[in-house]
$ cat query35.txt   # compact mmCIF, C-alpha atoms
# COMPACT_ATOMS: atom_id res chain seq x y z
CA GLY A 1 0.00 0.00 0.00
CA THR A 2 0.92 3.67 0.00
CA VAL A 3 0.51 6.70 2.22
CA GLU A 4 -1.92 9.06 0.45
CA MET A 5 -2.19 11.81 3.09
CA ILE A 6 -0.69 12.69 6.49
CA VAL A 7 -2.62 14.85 8.92
CA VAL A 8 -1.43 16.35 12.20
CA ARG A 9 -4.02 17.43 14.76
CA PRO A 10 -2.35 20.24 16.75
CA ASP A 11 -5.48 20.91 18.81
CA VAL A 12 -9.08 19.75 19.14
CA ASP A 13 -10.91 20.20 15.81
CA ARG A 14 -7.75 21.56 14.12
CA ARG A 15 -6.12 19.73 11.23
CA ARG A 16 -2.94 20.36 9.29
CA GLU A 17 -2.04 18.34 6.21
CA VAL A 18 1.71 17.74 5.96
CA GLU A 19 3.93 16.11 3.34
CA LYS A 20 6.27 14.54 5.92
CA ALA A 21 6.07 13.65 9.60
CA ARG A 22 8.14 12.07 12.33
CA ILE A 23 6.49 9.12 14.04
CA ASP A 24 7.90 8.64 17.54
CA GLU A 25 7.54 5.76 20.02
CA GLY A 26 6.72 8.14 22.86
CA GLN A 27 4.83 10.91 21.10
CA GLY A 28 3.07 9.20 18.21
CA VAL A 29 2.93 11.57 15.24
CA VAL A 30 5.12 14.51 16.28
CA GLY A 31 3.09 17.72 16.40
CA ASP A 32 -0.17 15.84 16.96
CA ASN A 33 -2.14 16.32 20.18
CA TRP A 34 -2.63 12.58 20.86
CA GLN A 35 -0.58 12.66 24.06
CA GLU A 36 -1.90 15.97 25.43
CA ARG A 37 -5.54 15.15 24.60
CA GLY A 38 -5.52 11.93 26.60
CA SER A 39 -8.27 9.35 26.43
CA SER A 40 -11.54 8.53 28.14
CA SER A 41 -10.68 4.83 27.71
CA THR A 42 -7.80 4.84 30.21
CA PRO A 43 -8.41 4.82 33.99
CA ASP A 44 -6.36 7.97 34.59
CA GLY A 45 -7.34 9.80 31.39
CA SER A 46 -3.84 9.54 29.93
CA ALA A 47 -3.26 8.91 26.23
CA ASN A 48 -4.09 5.37 25.14
CA ARG A 49 -1.01 3.86 23.51
CA LEU A 50 -3.20 1.38 21.64
CA ALA A 51 -4.64 4.34 19.70
CA GLN A 52 -1.38 6.25 19.23
CA VAL A 53 -1.69 6.40 15.43
CA THR A 54 -4.88 5.96 13.41
CA LEU A 55 -5.07 4.84 9.81
CA MET A 56 -8.03 5.04 7.44
CA ASN A 57 -8.35 3.62 3.96
CA SER A 58 -8.16 6.47 1.45
CA ARG A 59 -10.75 4.91 -0.86
CA VAL A 60 -13.28 4.66 1.96
CA VAL A 61 -12.72 8.21 3.18
CA ASP A 62 -12.95 9.44 -0.41
CA ALA A 63 -16.32 7.69 -0.80
CA VAL A 64 -17.56 9.26 2.45
CA ALA A 65 -15.98 12.73 2.21
CA GLY A 66 -16.08 13.19 -1.55
CA ASP A 67 -13.29 15.68 -1.94
CA SER A 68 -9.79 15.00 -0.54
CA SER A 69 -9.84 18.42 1.13
CA ARG A 70 -12.49 16.94 3.48
CA TRP A 71 -10.52 13.78 4.38
CA PRO A 72 -8.85 15.35 7.44
CA LEU A 73 -12.26 15.88 9.04
CA ALA A 74 -12.34 12.13 9.77
CA GLY A 75 -9.71 12.80 12.43
CA ASP A 76 -7.13 10.22 11.41
CA GLN A 77 -3.42 10.82 10.92
CA LEU A 78 -2.58 8.47 8.06
CA TYR A 79 -4.82 7.97 5.03
CA VAL A 80 -3.57 4.94 3.17
CA ASP A 81 -4.34 2.94 0.06
CA LEU A 82 -4.22 -0.38 1.90
CA ASP A 83 -6.61 -3.16 2.89
CA LEU A 84 -7.13 -2.62 6.64
CA SER A 85 -9.44 -5.61 7.15
CA PRO A 86 -8.71 -8.09 9.96
CA GLU A 87 -7.93 -10.72 7.32
CA ALA A 88 -5.20 -8.54 5.82
CA LEU A 89 -3.94 -6.93 9.06
CA PRO A 90 -4.91 -8.84 12.19
CA ALA A 91 -4.08 -7.29 15.57
CA GLY A 92 -0.38 -7.78 16.25
CA THR A 93 0.64 -7.32 12.61
CA ARG A 94 3.57 -4.97 12.15
CA VAL A 95 3.80 -2.66 9.17
CA ARG A 96 6.61 -0.46 7.95
CA VAL A 97 5.35 3.01 7.05
CA GLY A 98 8.24 5.00 5.64
CA SER A 99 11.06 4.20 8.09
CA ALA A 100 8.71 3.79 11.09
CA VAL A 101 7.20 0.50 12.24
CA LEU A 102 3.66 0.36 13.62
CA GLU A 103 1.80 -2.51 15.23
CA VAL A 104 -1.93 -2.93 14.63
CA SER A 105 -3.70 -2.87 18.00
CA ASP A 106 -6.79 -4.80 19.00
CA LYS A 107 -8.58 -1.58 20.08
CA PRO A 108 -11.47 -1.05 17.64
CA HIS A 109 -11.55 2.26 15.77
CA THR A 110 -15.16 3.33 15.35
CA GLY A 111 -16.94 6.40 14.12
CA CYS A 112 -18.48 8.79 16.63
CA ALA A 113 -20.88 11.73 16.83
CA LYS A 114 -18.21 14.04 15.35
CA PHE A 115 -17.83 11.71 12.35
CA ALA A 116 -21.63 11.77 11.86
CA SER A 117 -21.81 15.56 12.14
CA ARG A 118 -19.05 15.99 9.56
CA TYR A 119 -20.12 13.36 7.03
CA GLY A 120 -23.71 12.48 7.94
CA ARG A 121 -25.47 9.65 9.77
CA GLU A 122 -25.52 7.44 6.68
CA ALA A 123 -21.73 7.66 6.44
CA LEU A 124 -21.43 6.69 10.11
CA ARG A 125 -23.72 3.69 9.54
CA PHE A 126 -21.71 2.74 6.44
CA VAL A 127 -18.41 2.52 8.34
CA ASN A 128 -19.77 1.16 11.64
CA THR A 129 -22.26 -1.55 10.68
CA GLY A 130 -22.30 -4.79 8.73
CA LEU A 131 -19.61 -5.05 6.09
CA GLY A 132 -18.17 -1.65 7.07
CA ARG A 133 -17.48 -2.80 10.62
CA GLU A 134 -16.37 -6.25 9.49
CA LYS A 135 -13.82 -4.80 7.02
CA ARG A 136 -12.80 -1.89 9.32
CA PHE A 137 -13.96 0.83 6.95
CA ARG A 138 -13.58 3.35 9.78
CA GLY A 139 -9.91 2.40 10.04
CA ILE A 140 -7.53 0.94 12.58
CA ASN A 141 -5.60 1.94 15.66
CA ALA A 142 -1.89 1.25 15.89
CA PHE A 143 1.07 2.05 18.10
CA VAL A 144 4.68 2.84 17.29
CA VAL A 145 7.28 0.11 17.83
CA GLN A 146 10.10 1.84 15.91
CA SER A 147 10.39 5.57 15.43
CA GLY A 148 10.94 6.87 11.92
CA ASP A 149 9.88 9.29 9.23
CA VAL A 150 6.95 9.03 6.84
CA ALA A 151 6.10 11.02 3.73
CA THR A 152 3.16 11.13 1.36
CA GLY A 153 3.75 8.48 -1.31
CA ASP A 154 5.77 6.20 0.98
CA GLU A 155 5.18 2.49 0.70
CA ILE A 156 3.54 0.46 3.47
CA SER A 157 4.51 -3.17 3.88
CA LYS A 158 4.14 -5.93 6.43
CA VAL A 159 7.19 -6.62 8.58
CA GLY A 160 8.27 -10.22 9.17
$ encode --input "query35.txt" --output "structure tokens"
Amino acid sequence: GTVEMIVVRPDVDRRREVEKARIDEGQGVVGDNWQERGSSSTPDGSANRLAQVTLMNSRVVDAVAGDSSRWPLAGDQLYVDLDLSPEALPAGTRVRVGSAVLEVSDKPHTGCAKFASRYGREALRFVNTGLGREKRFRGINAFVVQSGDVATGDEISKVG
């Protein structure tokens, strides 16, 4: 697969498309607010490492958003032309993205009220139910196992 778009979220509801990014074991995507934002899914509200980096299939987001300028509204960091289904990338699979290595986590990545408000309820149903849920149309969560750099156009491949 390939990296089609990289998005950094410097603050809540802010998005910045970048051509290159550093992906760090401790920080996730450098410049992103993942660590500062924290998570409601951890007991102490700290950032959830299992959702350090999110990936969404570029063909799915294109079908939902229409124009690529609206892709970043989904809230993911990496938009990739890659099969993200559990058959292709089961939890525990490691992928090289640029020079970084990510591991697919078992934490489901699902659409939320913000996704519905940005793309519509039908889009949320499309990614969260039936085939959409089964094939992970909403995307996947991953965490960094090896820091590195990623750029738009970089290849993504399974490791090992």
$ residues_around --input "query35.txt" --residues "A:Val95" --least-positions-apart "6" --cutoff "8 Å" --atoms "all atoms listed in the file" --output "list of chain:residue names"
A:Val101, A:Leu102, A:Glu103, A:Val104, A:Ile156, A:Ser157, A:Lys158, A:Val159
$ write_last_selection --input "query35.txt" --atoms "C-alpha atoms" --output "CSV table (one decimal), in the frame of the given file"
chain,number,residue,atom,x,y,z
A,101,VAL,CA,7.2,0.5,12.2
A,102,LEU,CA,3.7,0.4,13.6
A,103,GLU,CA,1.8,-2.5,15.2
A,104,VAL,CA,-1.9,-2.9,14.6
A,156,ILE,CA,3.5,0.5,3.5
A,157,SER,CA,4.5,-3.2,3.9
A,158,LYS,CA,4.1,-5.9,6.4
A,159,VAL,CA,7.2,-6.6,8.6
$ closest_residue --input "query35.txt" --among "A:Lys114, A:Lys135, A:Arg125, A:Lys107" --to "A:Arg49" --atoms "all atoms listed in the file"
A:Lys107
$ closest_residue --input "query35.txt" --among "A:Arg136, A:Arg14, A:Lys20, A:Arg59" --to "A:Leu89" --atoms "only C-alpha atoms"
A:Arg136
$ closest_residue --input "query35.txt" --among "A:Ala91, A:Val150, A:Val60, A:Ala100" --to "A:Ala21" --atoms "only C-alpha atoms"
A:Val150
$ residues_around --input "query35.txt" --residues "stretch 35-39 of chain A" --least-positions-apart "2" --cutoff "10 Å" --atoms "all atoms listed in the file" --output "VMD selection string"
chain A and resid 10 to 12 26 to 33 41 to 49 51 to 52
$ residues_around --input "query35.txt" --residues "A:Arg133" --least-positions-apart "4" --cutoff "12 Å" --atoms "only C-alpha atoms" --output "MDAnalysis selection string"
chainID A and resid 84:86 108:111 124:129 137:140
$ closest_residue --input "query35.txt" --among "A:Ser69, A:Ser99, A:Thr93, A:Thr2" --to "A:Asn141" --atoms "all atoms listed in the file"
A:Thr93
$ atom_distance --input "query35.txt" --atom1 "atom CA of A:Ser40" --atom2 "atom CA of A:Val80"
26.5 Å
